[in-house]
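Undergrad: Below you will find the structure I want to go over with you.
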Amino acid sequence: MTFKLFSSASALTVALTLATSPAMAQTAPAETEQTAPQEATGGLADIVVTAQKRSESAQDVPIAISAVTADALQAKGLTDIASIGGQAPNVTLKSSGSFGGSSSVLISYIRGIGQNDFAFNLEPGVGVYVDSVYLARNIGANADLLDLERVEVLKGPQGTLFGRNTIGGAINIVTHDPGNEWKFKAEATTGRFNRVDFRGAIDAPLIPDVLHMSLAISTKHRDGYQERIPYTGDTANNPIYLQATNGAFGGPANTNTDEAILYPVTKLDRPKKSGSQNQTAFRGKLLFTPTDRLKIRLVGDYLHVDEQATPFSLLQVNQNAYVAIYNTCITGNQQLIAGVAAQTGFPGIPDLCNGVRGNAGSPTGTQPSLASQAGQHLPYDNRYVIRKADGSIDPDRSYASGANYNQIDNYGLSGHIEYSLTDELDIKSITAYRHLNSKFGVDIGGAPFSALNPTFADRESQFSQEVQLLGKMFNERWNFVLGGYYFHEYGSHDDGVPFTGGLIQVYAPNQTYDTKSYAAFMHNNIEVIPDKLGITLGIRYTHDDKSFTGTQRDENAFGLRLLQIPGALVLPDPSDPYLLYPLGENRLKFNNVSYRIGAEYHLDRRIMVYGSYATGYKGGGWTTRLTAPNFTVDPATGLPVKLPAPTFGPEKAQTAELGFKSEFFNRRARLNVAVFNTDYKNIQLTFQNGSSPVTANGGNGRIRGVEAELNLAPTDEWSIDASLGYLDAKYKKILPGVPLTGNERFVNTPKWAAQAGTSYRIETGTGTFIPRVDWTFASKTYNDEANTEVLASPANSFFNGSLTYKLPNDRMEIQAGVTNIFDKRIVVSGYTNAQAIYSGVFSRPREWFLTLRVHN
């Protein structure tokens with residue numbers, strides 16, 4: 001038996017995607033700093049993007065990009081970043097991680113590359129940018145699409161221009177700039193589960209042509225939809241076990257001592273429902289243009305979240321690991337306890353059953369032994385899985401009684417300065433500071449006592465400074481960007497995770513981390529043959545310097561007691577039997593050079609073909625969630641030997657891509673297609689090593705894919721958008737010790753995905769009616785690297801529909817809609833610990849909404 005960390009094998013995907021652009025631009029966006037004038041030729045309108053740090057039509061950018069306008073999102077009733085995942089080919093976005101319980105976490109995958117966890121020691125594989133500012137943490141990144149101009153989803157490595165951790169791609173969110181006219185818009189929404197949302201925005205030209213201001217605010221409220229109900233079974237044989245847990249259901253407080261394991265990061269309030277929404281977001285902008293050459297933009301935003309946790313449903317309990325030990329201990333039968341210890345080869349089971357639980361010096365103190373409380377605890381098994389009459393899991397009820405909260409305060413300030421040195425040379429500075437304070441926890445175990453109840457707290461700050469020199473030479477045939485970037489992230493993190501009966505009591509207070517990153521980059525677009533042939537050359541050098549001080553502890557010393565090994569041989573500090581992580585400050589440094597080479601050729605004004613080869617990089621780090629001492633056994637002596645801090649190195653991707661972008665039938669149709677092949681190396685995989693979720697470089701893979709995006713406007717009244725994608729992701733190599741066979745499919749990577757939507761504008765004498773229907777499809781998708789079947793999302797289709805009525809003056813509209821029309825309930829995210837507890841998050845139920853919008 002060894003608690004040595006397996007080295008994780010990461011999977012990489014070959015992605016074949018046929019996808020259609022979900023972005024039907026219904027009106028041309030206003031001319032702002034981010035956009036340029038658009039042609040009024042009828043048919044499909046241009047969507048102007050800044051993917052190459054300058055304003056240009058998405059059709060002229062030699063990158064696979066899905067651009068979704070604010071009007072398109074509004075027509076589909078989409079209000080946050082995660083909701084656009086099904087609208088872009090080869091893109092998977094989720095609003096909750098595999099565990100943790102925060103619905104404000106953005107799990108993002110593009111072409112099979114991403115990050116399935118929110119842990120501070122991990123870097124996201126898809127970079128998220130809001131107004132050119134990188135969001136380092138995916139906690140709080142599932143932001144409200146407040147006062148939006150558009151969302152640009154760039155696929156494939158984007159390191160040369162976007163930089164940090166854009167190995168899979170980048171999501172570039174561009175918000176509205178204030179204009180030179182007084183404008184306002186507001187909307188109010190009601191719906192199922194007592195939904196009450198409000199959005200408002202105003203443009204104020206304080207000094208016309210010189211100083212402009214915009215303010216936007218959003219509030220969202222919905223009640224939870226999963227009920228926490230009292231467990232009433234088997235209580236006749238357990239008179240001390242009370243039906244009411246902690247008084248949450250109106251009864252007396254529970255005397256079950258399992259519930260006493262509460263860490264400082266745990267919120268004591270435990271609502272009777274899960275899955276609510278209670279958020280407020282604010283954004284303000286000042287735009288100062290004192291001369292034609294100088295533009296200064298100040299942006300501030302704030303997000304406050306105080307709501308219930310993501311609703312997990314218990315799917316299955318196996319009598320493995322600590323669950324089996326717990327069920328043995330609570331019998332109090334010493335003969336059985338000794339027999340299980342002998343049969344399993346774990347000599348410490350009697351100590352775990354009969355000894356006091358916990359550490360007198362910890363925040364939770366000590367609890368009586370489980371064996372001494374025989375008859376006071378119920379076994380943990382599948383009795384707590386709630387099923388419907390047809391045998392399927394009931395996602396709307398749970399016996400959970402533990403942590404149930406999601407609290408986030410996230411704000412940022414940024415200053416953007418643009419100055420034209422000459423008509424051909426501009427300099428731009430982007431200075432930004434962001435701060436995140438989060439606290440969330442969830443009862444994954446789904447039992448009326450503490451089974452698996454993780455709680456987390458993060459305090460994170462980031463500062464970044466970017467300088468760009470943008471130039472045009474040779475009659476604008478050579479466009480270049482030359483720049484430098486500095487990034488500094490620092491903060492602390494707390495964990496508190498009690499396992500069944502307190503047999504494991506993970507506590508990690510004030511783990512500190514500090515990351516500094518430096519980069520220099522250049523990107524060139526050169527027109528070799530005017531209006532015909534162009535080439536792209538880009539390069540970026542990055543240096544990362546990371547430090548981390550760990551404090552991970554198990555206040556019950558489960559691993560040490562279970563194996564009965566002398567602490568001096570395996571503990572980082574023999575004087576502290578509870579400390580797990582190696583002592584002192586840990587440091588890592590990484591260097592990388594990423595580049596892009598490409599060429600595009602215009603067959604005519606409306607048809608372009610292109611090819612590119614791009615590389616990407618994501619930094620390495622540490623495994624920080626050990627639940628047992630990290631050691632191996634010396635084969636020569638048979639004695640345990642402690643191991644150093646487990647680390648993982650950077651992962652890298654190289655992507656070759658061919659594509660074409662086209663418009664035809666007098667701009668009534670737009671079709672974009674891309675094919676690509678990605679070599680994915682040193683893939684960072686997170687998997688279970690016993691009860692520890694660990695991250696390691698698992699091996700190499702390859703991803704091949706095809707993407708096609710189609711928009712149609714058969715008439716001025718009728719619009720159609722659709723997408724179809726195919727991904728083929730395979731492991732080429734699995735490193736020794738990694739618990740994978742190499743035949744697994746990549747996590748969060750459906751092989752097939754499709755989307756289609758249509759709307760039709762009906763003009764009447766009393767106004768305009770616009771009915772709309774949207775459909776999304778994804779084939780079977782695995783939500784963990786091990787491809788656990790009970791956690792997988794089956795092949796599924798979802799339908800949404802709406803009807804919008806606009807008054808003749810076009811200043812007021814009403815939209816009524818239904819999401820998940822056929823009430824499809826499937827697992828969309830899941831987690832298993834030690835193959836003992838399996839829990840999942842289900843898709844939201846059918847919901848109706850009614851929105852009133854007004855504007856001047």
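Letters for chains follow the order of the structure tokens (A, B, ...), residue numbers begin at 1 for each chain, and ligand numbers begin at 1 in the order shown.
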Which neighbours of region 177-188 of chain A fall inside 8 Å, counting only C-alpha atoms, when residues of the same chain fewer than 4 positions from it are skipped, and could you give them as a count of residues only?
TA: 26
Undergrad: Which residues come within 8 Å of Phe798 (chain A), counting only C-alpha atoms, excluding same-chain residues fewer than 5 positions away, as an NGL selection string?
TA: :A and (775-777 or 820-822 or 824)
Undergrad: Would you please work out which residue, of A:Gly140, A:Pro794, A:Pro347, A:Gly43, is nearest to Phe440 (chain A) when using only C-alpha atoms?
TA: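 Comparing A:Gly140, A:Pro794, A:Pro347, A:Gly43 against Phe440 (chain A), the winner is A:Gly140.
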Undergrad: As an MDAnalysis selection string, please: every residue in region 287-465 of chain A that DSSP puts in helix (DSSP H, G or I).
TA: chainID A and resid 321:329 334:344 349:354 371:373 382:384
Undergrad: Restrict the selected residues to N, CA and C atoms and save them as a compact mmCIF listing (two decimals), in the first residue's frame.
TA:
# COMPACT_ATOMS: atom_id res chain seq x y z
N ALA A 321 -13.20 2.53 0.72
CA ALA A 321 -12.37 3.50 1.43
C ALA A 321 -13.00 3.90 2.76
N TYR A 322 -13.06 5.21 3.00
CA TYR A 322 -13.50 5.71 4.30
C TYR A 322 -14.97 5.44 4.57
N VAL A 323 -15.79 5.24 3.54
CA VAL A 323 -17.20 4.91 3.76
C VAL A 323 -17.32 3.55 4.43
N ALA A 324 -16.57 2.57 3.94
CA ALA A 324 -16.61 1.23 4.56
C ALA A 324 -16.09 1.27 5.99
N ILE A 325 -15.05 2.07 6.22
CA ILE A 325 -14.52 2.17 7.58
C ILE A 325 -15.54 2.82 8.51
N TYR A 326 -16.19 3.87 8.04
CA TYR A 326 -17.22 4.54 8.84
C TYR A 326 -18.34 3.57 9.20
N ASN A 327 -18.85 2.84 8.21
CA ASN A 327 -19.96 1.92 8.47
C ASN A 327 -19.55 0.79 9.41
N THR A 328 -18.27 0.43 9.38
CA THR A 328 -17.77 -0.57 10.33
C THR A 328 -17.69 0.01 11.74
N CYS A 329 -17.14 1.22 11.83
CA CYS A 329 -16.93 1.84 13.15
C CYS A 329 -18.23 2.05 13.91
N GLN A 334 -16.46 -4.81 18.16
CA GLN A 334 -15.01 -4.89 18.12
C GLN A 334 -14.52 -6.09 17.30
N GLN A 335 -15.28 -7.18 17.33
CA GLN A 335 -14.89 -8.35 16.55
C GLN A 335 -14.95 -8.02 15.06
N LEU A 336 -16.02 -7.32 14.66
CA LEU A 336 -16.15 -6.93 13.26
C LEU A 336 -15.05 -5.94 12.88
N ILE A 337 -14.77 -4.99 13.73
CA ILE A 337 -13.74 -3.98 13.46
C ILE A 337 -12.38 -4.65 13.25
N ALA A 338 -12.04 -5.58 14.14
CA ALA A 338 -10.76 -6.29 14.03
C ALA A 338 -10.72 -7.15 12.77
N GLY A 339 -11.85 -7.76 12.42
CA GLY A 339 -11.91 -8.60 11.24
C GLY A 339 -11.72 -7.80 9.97
N VAL A 340 -12.35 -6.63 9.89
CA VAL A 340 -12.20 -5.78 8.71
C VAL A 340 -10.76 -5.31 8.58
N ALA A 341 -10.13 -4.98 9.71
CA ALA A 341 -8.73 -4.55 9.68
C ALA A 341 -7.84 -5.66 9.13
N ALA A 342 -8.08 -6.88 9.57
CA ALA A 342 -7.27 -8.00 9.10
C ALA A 342 -7.52 -8.29 7.63
N GLN A 343 -8.78 -8.22 7.22
CA GLN A 343 -9.14 -8.56 5.84
C GLN A 343 -8.59 -7.53 4.85
N THR A 344 -8.62 -6.26 5.21
CA THR A 344 -8.19 -5.20 4.30
C THR A 344 -6.70 -4.92 4.38
N ILE A 349 -7.39 0.50 11.48
CA ILE A 349 -8.84 0.67 11.55
C ILE A 349 -9.34 0.67 12.99
N PRO A 350 -8.89 -0.24 13.89
CA PRO A 350 -9.35 -0.17 15.28
C PRO A 350 -9.04 1.18 15.94
N ASP A 351 -7.87 1.75 15.63
CA ASP A 351 -7.52 3.06 16.19
C ASP A 351 -8.49 4.13 15.69
N LEU A 352 -8.80 4.10 14.38
CA LEU A 352 -9.73 5.08 13.82
C LEU A 352 -11.13 4.93 14.40
N CYS A 353 -11.54 3.69 14.68
CA CYS A 353 -12.88 3.46 15.21
C CYS A 353 -12.98 3.79 16.69
N ASN A 354 -11.96 3.41 17.45
CA ASN A 354 -12.04 3.49 18.91
C ASN A 354 -11.38 4.73 19.49
N ALA A 371 -17.00 4.33 17.53
CA ALA A 371 -17.42 3.08 18.15
C ALA A 371 -18.15 3.31 19.47
N SER A 372 -17.75 4.34 20.21
CA SER A 372 -18.39 4.61 21.50
C SER A 372 -19.80 5.14 21.34
N GLN A 373 -20.17 5.55 20.09
CA GLN A 373 -21.50 6.09 19.83
C GLN A 373 -22.37 5.10 19.06
N ASN A 382 -26.75 3.67 -0.08
CA ASN A 382 -27.63 4.19 -1.13
C ASN A 382 -29.03 4.53 -0.66
N ARG A 383 -29.30 4.41 0.65
CA ARG A 383 -30.61 4.84 1.16
C ARG A 383 -30.80 6.35 0.98
N TYR A 384 -29.69 7.08 0.81
CA TYR A 384 -29.79 8.54 0.69
C TYR A 384 -29.87 9.02 -0.75
Undergrad: Need the shell around Glu744 (chain A): protein/DNA/RNA residues with any atom at most 8 Å away, counting only C-alpha atoms. Skip same-chain ones fewer than 4 positions apart. Format as a PyMOL selection string?
TA: chain A and resi 11+730-731+740+785-787
Undergrad: Keeping only all heavy atoms, take the residues you just selected and write them out as a short mmCIF file (atom, residue, chain, number, x, y, z; two decimals), in the first residue's frame.
TA:
data_model
loop_
_atom_site.label_atom_id
_atom_site.label_comp_id
_atom_site.auth_asym_id
_atom_site.auth_seq_id
_atom_site.Cartn_x
_atom_site.Cartn_y
_atom_site.Cartn_z
N ALA A 11 -5.48 14.11 -21.07
CA ALA A 11 -5.96 13.71 -22.35
C ALA A 11 -6.05 14.87 -23.28
O ALA A 11 -6.43 15.91 -22.88
CB ALA A 11 -7.31 13.11 -22.20
N LYS A 730 -7.77 12.00 -28.75
CA LYS A 730 -7.18 10.72 -28.34
C LYS A 730 -5.87 10.96 -27.60
O LYS A 730 -5.12 11.88 -27.89
CB LYS A 730 -6.91 9.83 -29.55
CG LYS A 730 -8.17 9.34 -30.24
CD LYS A 730 -7.83 8.39 -31.38
CE LYS A 730 -9.10 7.87 -32.06
NZ LYS A 730 -8.80 6.96 -33.19
N TYR A 731 -5.63 10.05 -26.64
CA TYR A 731 -4.33 10.03 -25.98
C TYR A 731 -3.34 9.28 -26.86
O TYR A 731 -3.63 8.21 -27.38
CB TYR A 731 -4.41 9.32 -24.63
CG TYR A 731 -5.23 10.04 -23.60
CD1 TYR A 731 -6.51 9.61 -23.29
CD2 TYR A 731 -4.71 11.13 -22.92
CE1 TYR A 731 -7.27 10.26 -22.34
CE2 TYR A 731 -5.46 11.79 -21.96
CZ TYR A 731 -6.74 11.36 -21.67
OH TYR A 731 -7.49 12.00 -20.73
N LEU A 740 -5.20 5.80 -15.93
CA LEU A 740 -5.97 5.82 -17.17
C LEU A 740 -5.43 4.72 -18.08
O LEU A 740 -4.26 4.34 -17.99
CB LEU A 740 -5.86 7.17 -17.87
CG LEU A 740 -6.43 8.40 -17.15
CD1 LEU A 740 -6.18 9.65 -17.97
CD2 LEU A 740 -7.90 8.25 -16.85
N GLU A 785 -11.97 12.96 -15.92
CA GLU A 785 -10.93 12.39 -16.75
C GLU A 785 -11.00 10.87 -16.81
O GLU A 785 -10.59 10.26 -17.80
CB GLU A 785 -9.56 12.84 -16.25
CG GLU A 785 -9.19 14.27 -16.59
CD GLU A 785 -9.76 15.29 -15.60
OE1 GLU A 785 -10.63 14.93 -14.79
OE2 GLU A 785 -9.33 16.46 -15.67
N ALA A 786 -11.51 10.24 -15.74
CA ALA A 786 -11.58 8.77 -15.70
C ALA A 786 -12.78 8.22 -16.47
O ALA A 786 -12.95 7.00 -16.55
CB ALA A 786 -11.65 8.30 -14.24
N ASN A 787 -13.60 9.10 -17.04
CA ASN A 787 -14.79 8.68 -17.81
C ASN A 787 -15.74 7.83 -16.96
O ASN A 787 -16.24 6.79 -17.40
CB ASN A 787 -14.38 7.91 -19.06
CG ASN A 787 -13.81 8.79 -20.16
OD1 ASN A 787 -13.60 8.36 -21.28
ND2 ASN A 787 -13.55 10.05 -19.84
#
Undergrad: Between A:Thr291, A:Ser517, A:Gln59, A:Asn743, which one has atoms that come closest to Asn591 (chain A), using only C-alpha atoms?
TA: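 Smallest distance to Asn591 (chain A) is found for A:Ser517.
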Undergrad: Could you give me, as number ranges by chain, the residues within 6 Å of Tyr831 (chain A), counting only C-alpha atoms and dropping anything in the same chain fewer than 4 positions from it?
TA: A: 98, 838-839
Undergrad: Skip Arg459 (chain A) itself and residues of its chain fewer than 5 positions away, then list as an MDAnalysis selection string all residues within 9 Å of it, counting only C-alpha atoms.
TA: chainID A and resid 435:439 490:494
Undergrad: Would you mind exporting the chosen residues as a PDB file, in the first residue's frame, restricted to C-alpha atoms?
TA:
ATOM      1  CA  HIS A 435      -9.652  41.903  -6.320  1.00  0.00           C
ATOM      2  CA  LEU A 436     -11.636  38.753  -5.544  1.00  0.00           C
ATOM      3  CA  ASN A 437     -13.041  37.698  -2.182  1.00  0.00           C
ATOM      4  CA  SER A 438     -14.984  34.445  -2.352  1.00  0.00           C
ATOM      5  CA  LYS A 439     -16.428  31.968   0.109  1.00  0.00           C
ATOM      6  CA  TYR A 490      -1.160  37.121  -5.085  1.00  0.00           C
ATOM      7  CA  GLY A 491      -3.515  35.940  -2.390  1.00  0.00           C
ATOM      8  CA  SER A 492      -4.467  33.248   0.072  1.00  0.00           C
ATOM      9  CA  HIS A 493      -6.791  30.283   0.103  1.00  0.00           C
ATOM     10  CA  ASP A 494      -8.577  28.278   2.829  1.00  0.00           C
TER      11      ASP A 494
END
Undergrad: Can you tell me how far CA of Arg397 (chain A) sits from CA of Thr686 (chain A), in Å to one decimal?
TA: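 Value for the CA of Arg397 (chain A)-CA of Thr686 (chain A) distance: 29.4 Å.
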Undergrad: Neighbouring residues of region 540-546 of chain A were defined as those with any atom within 6 Å, considering only C-alpha atoms; residues of the same chain fewer than 2 positions away were excluded. Please report them as a short mmCIF file (atom, residue, chain, number, x, y, z; two decimals) with N, CA, C and O atoms, in the first residue's frame.
TA:
data_model
loop_
_atom_site.label_atom_id
_atom_site.label_comp_id
_atom_site.auth_asym_id
_atom_site.auth_seq_id
_atom_site.Cartn_x
_atom_site.Cartn_y
_atom_site.Cartn_z
N THR A 160 0.24 34.74 -28.87
CA THR A 160 1.06 35.85 -29.33
C THR A 160 0.43 37.20 -29.01
O THR A 160 1.13 38.15 -28.68
N ASP A 514 1.82 33.43 -4.89
CA ASP A 514 2.29 34.67 -5.51
C ASP A 514 2.86 34.31 -6.88
O ASP A 514 3.76 33.47 -6.99
N THR A 515 2.33 34.94 -7.91
CA THR A 515 2.78 34.67 -9.28
C THR A 515 3.12 35.98 -9.97
O THR A 515 2.31 36.92 -9.95
N LYS A 516 4.29 36.04 -10.56
CA LYS A 516 4.67 37.17 -11.40
C LYS A 516 4.96 36.64 -12.80
O LYS A 516 5.57 35.59 -12.97
N SER A 517 4.50 37.39 -13.79
CA SER A 517 4.70 36.99 -15.18
C SER A 517 5.13 38.20 -15.99
O SER A 517 4.61 39.30 -15.81
N TYR A 518 6.11 37.97 -16.87
CA TYR A 518 6.63 39.02 -17.74
C TYR A 518 6.57 38.51 -19.18
O TYR A 518 6.86 37.34 -19.45
N ALA A 519 6.21 39.38 -20.09
CA ALA A 519 6.11 38.95 -21.49
C ALA A 519 6.46 40.09 -22.43
O ALA A 519 6.23 41.27 -22.12
N ALA A 520 7.00 39.72 -23.58
CA ALA A 520 7.22 40.65 -24.68
C ALA A 520 6.69 39.98 -25.94
O ALA A 520 6.85 38.76 -26.12
N PHE A 521 6.04 40.75 -26.82
CA PHE A 521 5.39 40.12 -27.97
C PHE A 521 5.42 41.04 -29.19
O PHE A 521 5.55 42.27 -29.07
N ARG A 587 8.95 27.22 -4.78
CA ARG A 587 9.06 28.12 -5.92
C ARG A 587 9.22 27.32 -7.22
O ARG A 587 9.86 26.27 -7.24
N LEU A 588 8.63 27.85 -8.28
CA LEU A 588 8.77 27.29 -9.62
C LEU A 588 8.96 28.44 -10.60
O LEU A 588 8.37 29.52 -10.44
N LYS A 589 9.76 28.19 -11.65
CA LYS A 589 9.96 29.18 -12.70
C LYS A 589 9.81 28.50 -14.06
O LYS A 589 10.26 27.37 -14.24
N PHE A 590 9.18 29.21 -15.00
CA PHE A 590 8.96 28.66 -16.34
C PHE A 590 9.26 29.74 -17.37
O PHE A 590 8.99 30.93 -17.16
N ASN A 591 9.78 29.31 -18.51
CA ASN A 591 10.00 30.19 -19.65
C ASN A 591 9.39 29.56 -20.90
O ASN A 591 9.40 28.34 -21.05
N ASN A 592 8.87 30.40 -21.76
CA ASN A 592 8.23 29.87 -22.96
C ASN A 592 8.32 30.88 -24.10
O ASN A 592 8.24 32.09 -23.89
N VAL A 593 8.45 30.35 -25.31
CA VAL A 593 8.32 31.14 -26.53
C VAL A 593 7.19 30.53 -27.35
O VAL A 593 7.25 29.35 -27.73
N SER A 594 6.14 31.30 -27.60
CA SER A 594 5.02 30.88 -28.44
C SER A 594 5.04 31.72 -29.72
O SER A 594 5.49 32.86 -29.72
#
